[in-house]
Protein chains: 4
Amino acid sequence: MPPRSDLKRQRILTAARDVCAESGYEAARMDEIAHRAGVSKGTLYNFFAGKEALLIATVLSTYQDYIVLLPGVENDTLDPRDRLAALAESLATGFEAIAQHLLLTHQAWSVVLNSPAARQELLGTLRSIYSGYTETLQSILAAGIERGVLRPDIDISVVATNWLAIYDGLLYRAGFEEDEPDPAYTAAGVRTSLGWLIQQLLVTDTARADEKIDIDKESVRT
Amino acid sequence: MPPRSDLKRQRILTAARDVCAESGYEAARMDEIAHRAGVSKGTLYNFFAGKEALLIATVLSTYQDYIVLLPGVENDTLDPRDRLAALAESLATGFEAIAQHLLLTHQAWSVVLNSPAARQELLGTLRSIYSGYTETLQSILAAGIERGVLRPDIDISVVATNWLAIYDGLLYRAGFEEDEPDPAYTAAGVRTSLGWLIQQLLVTDTARADEKIDIDKESVRT
Amino acid sequence: MPPRSDLKRQRILTAARDVCAESGYEAARMDEIAHRAGVSKGTLYNFFAGKEALLIATVLSTYQDYIVLLPGVENDTLDPRDRLAALAESLATGFEAIAQHLLLTHQAWSVVLNSPAARQELLGTLRSIYSGYTETLQSILAAGIERGVLRPDIDISVVATNWLAIYDGLLYRAGFEEDEPDPAYTAAGVRTSLGWLIQQLLVTDTARADEKIDIDKESVRT
Amino acid sequence: MPPRSDLKRQRILTAARDVCAESGYEAARMDEIAHRAGVSKGTLYNFFAGKEALLIATVLSTYQDYIVLLPGVENDTLDPRDRLAALAESLATGFEAIAQHLLLTHQAWSVVLNSPAARQELLGTLRSIYSGYTETLQSILAAGIERGVLRPDIDISVVATNWLAIYDGLLYRAGFEEDEPDPAYTAAGVRTSLGWLIQQLLVTDTARADEKIDIDKESVRT
DNA sequence: CATGAATGAGATTTCATTCAT
DNA sequence: TATGAATGAAATCTCATTCAT
């Protein structure tokens, strides 16, 4: 059972996330956040040094909540093609939730502009999240080449960069969409776009050559 | 010769862009913008209805400034592969300038959250910019397939989506970089990443099959 | 034919009166006044030293417009009772127009608070208007007493004060009324209230004793 | 003991009244009011929504402070003539204080011009104050007629209207006076003017017929 | 004399933060 | 540790006035 203060901290972060999502960081009022969290303003300041620190914590907490890799991804006994599919599916799964809260991240940029310490904390964490992805991805690619299921001429680094770029790009564009978003910028779009990328990596004469990679198939979820 | 008031408007937009880039939208002061533009605060408000309207205008004006396609792109007598290369080069050319001012766009999201009219103006313009890119790209791809220089099994729509997603993703990530950015998130990275994408599209048995596409080569600039 | 500049001055005063009546002095904008008058703001300042001076001039001009005594009032060959009736009718006639613009006068008080010169100009003019009324009224009362048609025990000064106080009081209260004003605070109310006052002054045993004074009757307009 | 916040509210209202009396509403600065009230500007805005709301509250509070009827007025066992005298004395007593702050009311008119809600609040309260006076007055007059001490032919409604009109008119004119006001527009003037009005109402053949009503006499204060 | 774009002092108002209780 | 009334620095924006044309 988490201590009571952790619950309170969590309530504050959730309230902050909600209020910022509705009104934007600038328009979010500490009063409103405290009210929604069911605490007083004084308590807010016991947990977070200020509005800025609260925003950073909220952004990082949001990432923690949504960045969850499916179990297949890290399991290096699986076929690397299935692991790629599982990674793509992991990203697709969290896509809409992340997209919805991406605004928060955008706003964090401006806030940290003039605050080197906050900047380091935010960038550091985000970079480490991306590093994690990149390492995982590169190791899967390397395993795929080694096992002969991915094309040997792949530039692992470029492909990893593009994989993440496609994901980020879709996420970014999702923010442009309104009530009826273009399907290209939804979870389904992530599956399509990363599916296409995976196709480009496959060797064409293996036993699985004409099998279409289906990132939704059961094996992924193993 | 543009009328004098256009010059003044431009000076204000440039000042706003600079100040926001340095301090962020929230921290940018109308006083400071007026001062840098060499006009009084009153004049600022004669040209723009308020801080919010000024931000939107600044973002749009920044896009206008940097989104310039090289002449080869639209020239449909050229080899479609060269046109793709020219398009990639166009995006690479503007990349760093756009990346530097991307912060401004991020901030614009929060500002327009509570202002439907501003939201429409901003999203509408951005969407039309993206539509333009997408149409151009799709028509080049179609021409390439028709002429037999691009693979006939290409899903034009998916490729176009991914092209733009890669560009946006690199742009987005460039914002994470600091003094010594990862080369993947520079103009050179754009060339590499989009170059890789173009490679995936080429038919492998043409006369140019083993020619490496060099998006920097002279023909692009024709 | 008045010189052209007098017409322009008059147009400005009328525009100022209208705008102030609609929005109040504070909310009235020099821009709007200039626009309605069909002149530029610069011209406004050629005619009036500033907003304050314009208000004073507007108030005084409004009084000039509405304070018109019927001819019978000053005619000392008429029966004093008829002259009183004519005076009452004069006040009743202008009542609604004055009441409508009384707001302007109210606002003038605050404006002149900190400007002794303006204060003198405004108060001086108003006092002279009131003095005129008072003198006229007192001379009619004296004539009435002398001729034996008004009660000899009248305190001329008190009656004159009350006459004007009743008029001012009705005017003041008229400002409280809205769409359907209490008839007591309309031109008809002025006739009733001053009619009552006149009744109190009459000697009760003259030939006209039981004649009801009708301030509307023809003789008044002679 | 009133709660502390009521004291603070009262301090703010008093400060607002003083500052507005000195400088007028427009020229009054929220800074100055806060300073005089000994609170911060923020606190001012915790108590009143804005400058406008503060003005309305100040005007109404001023009326509440000065409109006090002497006990004899409502006591219907007294001689109606004494009750009238007591009412006149009540008005005379508050006269100078009200006159001094009348400026505030004048300014309130313009402020509420463009704010229907504020207008309703201000007009409603003022009308109810006047209604109270009118009802009291009419009931005294009726009692006087019934008891045979006032003339039976009195038109109660007209007399009540004129009573209040005289009071308002004197109040209004008092605003024109400067350092040495005409005695007609002072508390003494109110006594004289309303005393005259009362005289007009008396039956002339009662025991008290030739007693001059003296509104200062002891019985009034019972 | 007329114009109206430009000015900038100064107003109201907000809201993150504090601290006595 | 929790509270929330009080704070006051600092922001945006207005608009009477000016003056080059």
# chains A, B, ... in the order shown; residues from 1 in each chain; ligands from 1
call {"tool": "closest_atom_pairs", "arguments": {"of": "chain F", "to": "chain C", "cutoff": "10 Å", "atoms": "only C-alpha atoms (C1' of nucleotides)", "output": "CSV"}}
result
residue,atom,partner,partner_atom,distance
F:DC15,C1',C:Arg29,CA,7.5
F:DA16,C1',C:Met30,CA,7.5
F:DT17,C1',C:Gly50,CA,8.3
F:DT18,C1',C:Gly42,CA,8.7
F:DC19,C1',C:Gly42,CA,9.5
call {"tool": "write_last_selection", "arguments": {"atoms": "all heavy atoms", "output": "mmCIF file, in the first residue's frame"}}
result
data_model
loop_
_atom_site.group_PDB
_atom_site.id
_atom_site.type_symbol
_atom_site.label_atom_id
_atom_site.label_comp_id
_atom_site.auth_asym_id
_atom_site.auth_seq_id
_atom_site.Cartn_x
_atom_site.Cartn_y
_atom_site.Cartn_z
ATOM 1 P P DC F 15 -10.691 52.469 -24.326
ATOM 2 O OP1 DC F 15 -11.750 52.553 -23.323
ATOM 3 O OP2 DC F 15 -10.940 51.860 -25.631
ATOM 4 O "O5'" DC F 15 -10.126 53.931 -24.546
ATOM 5 C "C5'" DC F 15 -9.447 54.548 -23.444
ATOM 6 C "C4'" DC F 15 -8.666 55.737 -23.953
ATOM 7 O "O4'" DC F 15 -7.359 55.307 -24.427
ATOM 8 C "C3'" DC F 15 -9.321 56.453 -25.132
ATOM 9 O "O3'" DC F 15 -9.164 57.824 -24.895
ATOM 10 C "C2'" DC F 15 -8.492 56.008 -26.330
ATOM 11 C "C1'" DC F 15 -7.116 55.908 -25.685
ATOM 12 N N1 DC F 15 -6.150 55.039 -26.376
ATOM 13 C C2 DC F 15 -4.781 55.248 -26.114
ATOM 14 O O2 DC F 15 -4.444 56.151 -25.339
ATOM 15 N N3 DC F 15 -3.888 54.443 -26.718
ATOM 16 C C4 DC F 15 -4.292 53.473 -27.535
ATOM 17 N N4 DC F 15 -3.367 52.704 -28.098
ATOM 18 C C5 DC F 15 -5.681 53.250 -27.808
ATOM 19 C C6 DC F 15 -6.568 54.047 -27.206
ATOM 20 P P DA F 16 -10.334 58.806 -25.211
ATOM 21 O OP1 DA F 16 -11.448 58.485 -24.291
ATOM 22 O OP2 DA F 16 -10.591 58.848 -26.657
ATOM 23 O "O5'" DA F 16 -9.699 60.186 -24.756
ATOM 24 C "C5'" DA F 16 -9.184 60.305 -23.441
ATOM 25 C "C4'" DA F 16 -7.888 61.116 -23.432
ATOM 26 O "O4'" DA F 16 -6.833 60.379 -24.091
ATOM 27 C "C3'" DA F 16 -7.950 62.455 -24.142
ATOM 28 O "O3'" DA F 16 -7.100 63.347 -23.422
ATOM 29 C "C2'" DA F 16 -7.405 62.156 -25.539
ATOM 30 C "C1'" DA F 16 -6.372 61.081 -25.253
ATOM 31 N N9 DA F 16 -6.228 60.064 -26.300
ATOM 32 C C8 DA F 16 -7.223 59.405 -26.953
ATOM 33 N N7 DA F 16 -6.798 58.513 -27.828
ATOM 34 C C5 DA F 16 -5.426 58.586 -27.727
ATOM 35 C C6 DA F 16 -4.396 57.896 -28.383
ATOM 36 N N6 DA F 16 -4.602 56.953 -29.314
ATOM 37 N N1 DA F 16 -3.124 58.207 -28.058
ATOM 38 C C2 DA F 16 -2.918 59.135 -27.122
ATOM 39 N N3 DA F 16 -3.802 59.854 -26.428
ATOM 40 C C4 DA F 16 -5.053 59.531 -26.792
ATOM 41 P P DT F 17 -7.076 64.850 -23.872
ATOM 42 O OP1 DT F 17 -6.744 65.599 -22.661
ATOM 43 O OP2 DT F 17 -8.278 65.160 -24.658
ATOM 44 O "O5'" DT F 17 -5.813 64.886 -24.833
ATOM 45 C "C5'" DT F 17 -4.529 64.535 -24.290
ATOM 46 C "C4'" DT F 17 -3.512 64.431 -25.394
ATOM 47 O "O4'" DT F 17 -3.791 63.300 -26.244
ATOM 48 C "C3'" DT F 17 -3.421 65.631 -26.348
ATOM 49 O "O3'" DT F 17 -2.121 66.171 -26.183
ATOM 50 C "C2'" DT F 17 -3.621 65.050 -27.734
ATOM 51 C "C1'" DT F 17 -3.273 63.588 -27.520
ATOM 52 N N1 DT F 17 -3.879 62.638 -28.472
ATOM 53 C C2 DT F 17 -3.035 61.858 -29.223
ATOM 54 O O2 DT F 17 -1.824 61.915 -29.146
ATOM 55 N N3 DT F 17 -3.665 60.991 -30.070
ATOM 56 C C4 DT F 17 -5.026 60.829 -30.250
ATOM 57 O O4 DT F 17 -5.481 60.010 -31.047
ATOM 58 C C5 DT F 17 -5.867 61.687 -29.438
ATOM 59 C C7 DT F 17 -7.356 61.601 -29.538
ATOM 60 C C6 DT F 17 -5.256 62.530 -28.601
ATOM 61 P P DT F 18 -1.721 67.498 -26.929
ATOM 62 O OP1 DT F 18 -1.023 68.267 -25.894
ATOM 63 O OP2 DT F 18 -2.881 68.031 -27.654
ATOM 64 O "O5'" DT F 18 -0.646 67.000 -28.007
ATOM 65 C "C5'" DT F 18 0.292 66.016 -27.618
ATOM 66 C "C4'" DT F 18 1.034 65.500 -28.834
ATOM 67 O "O4'" DT F 18 0.189 64.615 -29.606
ATOM 68 C "C3'" DT F 18 1.497 66.583 -29.817
ATOM 69 O "O3'" DT F 18 2.814 66.252 -30.185
ATOM 70 C "C2'" DT F 18 0.519 66.450 -30.991
ATOM 71 C "C1'" DT F 18 0.264 64.963 -30.981
ATOM 72 N N1 DT F 18 -1.021 64.489 -31.570
ATOM 73 C C2 DT F 18 -0.976 63.419 -32.430
ATOM 74 O O2 DT F 18 0.054 62.864 -32.757
ATOM 75 N N3 DT F 18 -2.206 63.013 -32.902
ATOM 76 C C4 DT F 18 -3.445 63.557 -32.596
ATOM 77 O O4 DT F 18 -4.459 63.094 -33.081
ATOM 78 C C5 DT F 18 -3.415 64.670 -31.691
ATOM 79 C C7 DT F 18 -4.696 65.314 -31.292
ATOM 80 C C6 DT F 18 -2.219 65.073 -31.225
ATOM 81 P P DC F 19 3.823 67.353 -30.531
ATOM 82 O OP1 DC F 19 5.046 67.058 -29.756
ATOM 83 O OP2 DC F 19 3.174 68.680 -30.465
ATOM 84 O "O5'" DC F 19 4.117 67.037 -32.073
ATOM 85 C "C5'" DC F 19 4.308 65.678 -32.486
ATOM 86 C "C4'" DC F 19 4.188 65.603 -34.003
ATOM 87 O "O4'" DC F 19 2.819 65.313 -34.354
ATOM 88 C "C3'" DC F 19 4.534 66.915 -34.732
ATOM 89 O "O3'" DC F 19 5.108 66.576 -35.972
ATOM 90 C "C2'" DC F 19 3.170 67.552 -34.957
ATOM 91 C "C1'" DC F 19 2.361 66.307 -35.271
ATOM 92 N N1 DC F 19 0.899 66.448 -35.068
ATOM 93 C C2 DC F 19 0.046 65.534 -35.700
ATOM 94 O O2 DC F 19 0.534 64.653 -36.398
ATOM 95 N N3 DC F 19 -1.289 65.659 -35.510
ATOM 96 C C4 DC F 19 -1.764 66.629 -34.725
ATOM 97 N N4 DC F 19 -3.069 66.701 -34.570
ATOM 98 C C5 DC F 19 -0.912 67.556 -34.076
ATOM 99 C C6 DC F 19 0.410 67.434 -34.280
#
call {"tool": "interface_residues", "arguments": {"of": "chain B", "to": "chain A", "cutoff": "9 Å", "atoms": "only C-alpha atoms", "output": "PyMOL selection string"}}
result
chain B and resi 21-27+103-114+123+126-127+158-159+161-173+175-177+184+189+192-194+196-197+200
call {"tool": "closest_atom_pairs", "arguments": {"of": "chain E", "to": "chain A", "cutoff": "12 Å", "atoms": "only C-alpha atoms (C1' of nucleotides)", "output": "CSV"}}
result
residue,atom,partner,partner_atom,distance
E:DT14,C1',A:Arg29,CA,10.6
E:DC15,C1',A:Arg29,CA,7.5
E:DA16,C1',A:Met30,CA,7.5
E:DT17,C1',A:Gly50,CA,8.2
E:DT18,C1',A:Gly42,CA,8.7
E:DC19,C1',A:Gly42,CA,9.5
call {"tool": "atom_distance", "arguments": {"atom1": "atom CA of Gln100 of chain C", "atom2": "atom CA of Glu121 of chain D"}}
result
20.5 Å
call {"tool": "residues_around", "arguments": {"residues": "Thr93 of chain C", "least_positions_apart": "5", "cutoff": "9 Å", "atoms": "only C-alpha atoms (C1' of nucleotides)", "output": "MDAnalysis selection string"}}
result
chainID C and resid 66 68 88 187
call {"tool": "select_by_dssp", "arguments": {"residues": "segment 47-76 of chain C", "states": "alpha helix (DSSP H)", "output": "VMD selection string"}}
result
chain C and resid 47 51 to 66 71 to 74
call {"tool": "write_last_selection", "arguments": {"atoms": "C-alpha atoms", "output": "tab-separated table (two decimals), in the first residue's frame"}}
result
chain	number	residue	atom	x	y	z
C	47	PHE	CA	-12.16	73.23	-31.83
C	51	LYS	CA	-12.14	65.84	-23.91
C	52	GLU	CA	-12.93	67.70	-20.74
C	53	ALA	CA	-13.47	71.01	-22.47
C	54	LEU	CA	-15.63	69.26	-25.01
C	55	LEU	CA	-17.82	67.86	-22.26
C	56	ILE	CA	-18.32	71.24	-20.63
C	57	ALA	CA	-19.15	72.82	-23.96
C	58	THR	CA	-21.56	70.01	-24.70
C	59	VAL	CA	-23.36	70.38	-21.40
C	60	LEU	CA	-23.73	74.12	-21.77
C	61	SER	CA	-24.84	73.80	-25.35
C	62	THR	CA	-27.47	71.28	-24.30
C	63	TYR	CA	-28.87	73.67	-21.73
C	64	GLN	CA	-28.95	76.46	-24.30
C	65	ASP	CA	-30.91	74.24	-26.62
C	66	TYR	CA	-33.61	73.27	-24.21
C	71	PRO	CA	-43.33	84.37	-24.57
C	72	GLY	CA	-46.06	84.87	-21.98
C	73	VAL	CA	-43.61	84.48	-19.11
C	74	GLU	CA	-41.80	87.73	-19.56
call {"tool": "residues_around", "arguments": {"residues": "Gln138 of chain B", "least_positions_apart": "3", "cutoff": "7 Å", "atoms": "only C-alpha atoms (C1' of nucleotides)", "output": "NGL selection string"}}
result
:B and (134-135 or 141-142 or 156 or 160)
call {"tool": "write_last_selection", "arguments": {"atoms": "N, CA, C and O atoms", "output": "PDB file, in the first residue's frame"}}
result
ATOM      1  N   THR B 134       1.696  16.969 -49.558  1.00  0.00           N
ATOM      2  CA  THR B 134       1.220  15.617 -49.831  1.00  0.00           C
ATOM      3  C   THR B 134       0.838  15.447 -51.290  1.00  0.00           C
ATOM      4  O   THR B 134       1.193  14.459 -51.934  1.00  0.00           O
ATOM      5  N   GLU B 135       0.132  16.447 -51.826  1.00  0.00           N
ATOM      6  CA  GLU B 135      -0.258  16.344 -53.231  1.00  0.00           C
ATOM      7  C   GLU B 135       0.942  16.268 -54.151  1.00  0.00           C
ATOM      8  O   GLU B 135       1.012  15.452 -55.058  1.00  0.00           O
ATOM      9  N   LEU B 141       5.226  10.504 -56.976  1.00  0.00           N
ATOM     10  CA  LEU B 141       5.264   9.053 -56.839  1.00  0.00           C
ATOM     11  C   LEU B 141       4.496   8.378 -57.971  1.00  0.00           C
ATOM     12  O   LEU B 141       4.958   7.411 -58.594  1.00  0.00           O
ATOM     13  N   ALA B 142       3.327   8.916 -58.279  1.00  0.00           N
ATOM     14  CA  ALA B 142       2.510   8.340 -59.349  1.00  0.00           C
ATOM     15  C   ALA B 142       3.270   8.403 -60.675  1.00  0.00           C
ATOM     16  O   ALA B 142       3.317   7.428 -61.448  1.00  0.00           O
ATOM     17  N   ILE B 156       1.083   4.497 -52.542  1.00  0.00           N
ATOM     18  CA  ILE B 156       1.444   5.916 -52.598  1.00  0.00           C
ATOM     19  C   ILE B 156       1.055   6.660 -51.321  1.00  0.00           C
ATOM     20  O   ILE B 156       1.823   7.453 -50.775  1.00  0.00           O
ATOM     21  N   ALA B 160       3.625   8.487 -48.802  1.00  0.00           N
ATOM     22  CA  ALA B 160       3.567   9.938 -48.605  1.00  0.00           C
ATOM     23  C   ALA B 160       3.425  10.264 -47.120  1.00  0.00           C
ATOM     24  O   ALA B 160       4.096  11.162 -46.585  1.00  0.00           O
TER      25      ALA B 160
END
call {"tool": "atom_distance", "arguments": {"atom1": "atom CA of Thr43 of chain B", "atom2": "atom CA of His101 of chain B"}}
result
24.7 Å
call {"tool": "atom_distance", "arguments": {"atom1": "atom C1' of DT3 of chain E", "atom2": "atom CA of Asp6 of chain B"}}
result
20.8 Å
call {"tool": "decode", "arguments": {"residues": "segment 9-21 of chain F", "atoms": "N, CA, C and O atoms (P, O5', C5', C4', C3', O3' and C1' of nucleotides)", "output": "compact mmCIF listing (two decimals), in the first residue's frame"}}
result
# COMPACT_ATOMS: atom_id res chain seq x y z
P DA F 9 5.80 44.85 -5.12
O5' DA F 9 6.63 44.07 -6.23
C5' DA F 9 6.85 42.67 -6.11
C4' DA F 9 6.61 41.98 -7.46
C3' DA F 9 7.14 42.76 -8.67
O3' DA F 9 7.68 41.79 -9.56
C1' DA F 9 4.80 42.43 -8.92
P DA F 10 8.48 42.28 -10.80
O5' DA F 10 7.45 42.03 -11.97
C5' DA F 10 6.75 40.79 -12.04
C4' DA F 10 5.64 40.94 -13.05
C3' DA F 10 6.03 41.83 -14.24
O3' DA F 10 5.52 41.24 -15.40
C1' DA F 10 4.03 42.55 -13.34
P DA F 11 6.22 41.49 -16.76
O5' DA F 11 5.07 41.07 -17.76
C5' DA F 11 4.22 39.96 -17.48
C4' DA F 11 2.80 40.27 -17.87
C3' DA F 11 2.68 41.13 -19.12
O3' DA F 11 2.40 40.29 -20.23
C1' DA F 11 1.20 41.90 -17.39
P DT F 12 2.41 40.93 -21.67
O5' DT F 12 0.89 41.35 -21.79
C5' DT F 12 -0.15 40.38 -21.59
C4' DT F 12 -1.49 41.07 -21.60
C3' DT F 12 -1.82 41.73 -22.94
O3' DT F 12 -3.22 41.53 -23.16
C1' DT F 12 -1.80 43.38 -21.21
P DC F 13 -3.74 41.64 -24.63
O5' DC F 13 -4.38 43.10 -24.59
C5' DC F 13 -5.30 43.39 -23.53
C4' DC F 13 -5.44 44.89 -23.39
C3' DC F 13 -5.74 45.63 -24.71
O3' DC F 13 -7.04 46.15 -24.55
C1' DC F 13 -4.18 46.81 -23.35
P DT F 14 -7.69 46.92 -25.74
O5' DT F 14 -8.01 48.34 -25.11
C5' DT F 14 -8.10 48.47 -23.72
C4' DT F 14 -8.08 49.93 -23.37
C3' DT F 14 -8.69 50.84 -24.42
O3' DT F 14 -9.50 51.74 -23.69
C1' DT F 14 -6.50 51.56 -23.94
P DC F 15 -10.69 52.47 -24.33
O5' DC F 15 -10.13 53.93 -24.55
C5' DC F 15 -9.45 54.55 -23.44
C4' DC F 15 -8.67 55.74 -23.95
C3' DC F 15 -9.32 56.45 -25.13
O3' DC F 15 -9.16 57.82 -24.90
C1' DC F 15 -7.12 55.91 -25.68
P DA F 16 -10.33 58.81 -25.21
O5' DA F 16 -9.70 60.19 -24.76
C5' DA F 16 -9.18 60.31 -23.44
C4' DA F 16 -7.89 61.12 -23.43
C3' DA F 16 -7.95 62.46 -24.14
O3' DA F 16 -7.10 63.35 -23.42
C1' DA F 16 -6.37 61.08 -25.25
P DT F 17 -7.08 64.85 -23.87
O5' DT F 17 -5.81 64.89 -24.83
C5' DT F 17 -4.53 64.54 -24.29
C4' DT F 17 -3.51 64.43 -25.39
C3' DT F 17 -3.42 65.63 -26.35
O3' DT F 17 -2.12 66.17 -26.18
C1' DT F 17 -3.27 63.59 -27.52
P DT F 18 -1.72 67.50 -26.93
O5' DT F 18 -0.65 67.00 -28.01
C5' DT F 18 0.29 66.02 -27.62
C4' DT F 18 1.03 65.50 -28.83
C3' DT F 18 1.50 66.58 -29.82
O3' DT F 18 2.81 66.25 -30.18
C1' DT F 18 0.26 64.96 -30.98
P DC F 19 3.82 67.35 -30.53
O5' DC F 19 4.12 67.04 -32.07
C5' DC F 19 4.31 65.68 -32.49
C4' DC F 19 4.19 65.60 -34.00
C3' DC F 19 4.53 66.91 -34.73
O3' DC F 19 5.11 66.58 -35.97
C1' DC F 19 2.36 66.31 -35.27
P DA F 20 6.58 67.01 -36.27
O5' DA F 20 6.92 66.13 -37.56
C5' DA F 20 6.81 64.71 -37.48
C4' DA F 20 6.19 64.14 -38.76
C3' DA F 20 6.71 64.75 -40.05
O3' DA F 20 6.70 63.72 -41.04
C1' DA F 20 4.39 65.21 -39.87
P DT F 21 7.26 63.96 -42.45
O5' DT F 21 5.92 64.15 -43.27
C5' DT F 21 5.02 63.04 -43.37
C4' DT F 21 3.74 63.49 -44.02
C3' DT F 21 3.93 64.21 -45.35
O3' DT F 21 3.44 63.38 -46.39
C1' DT F 21 2.24 65.23 -43.99
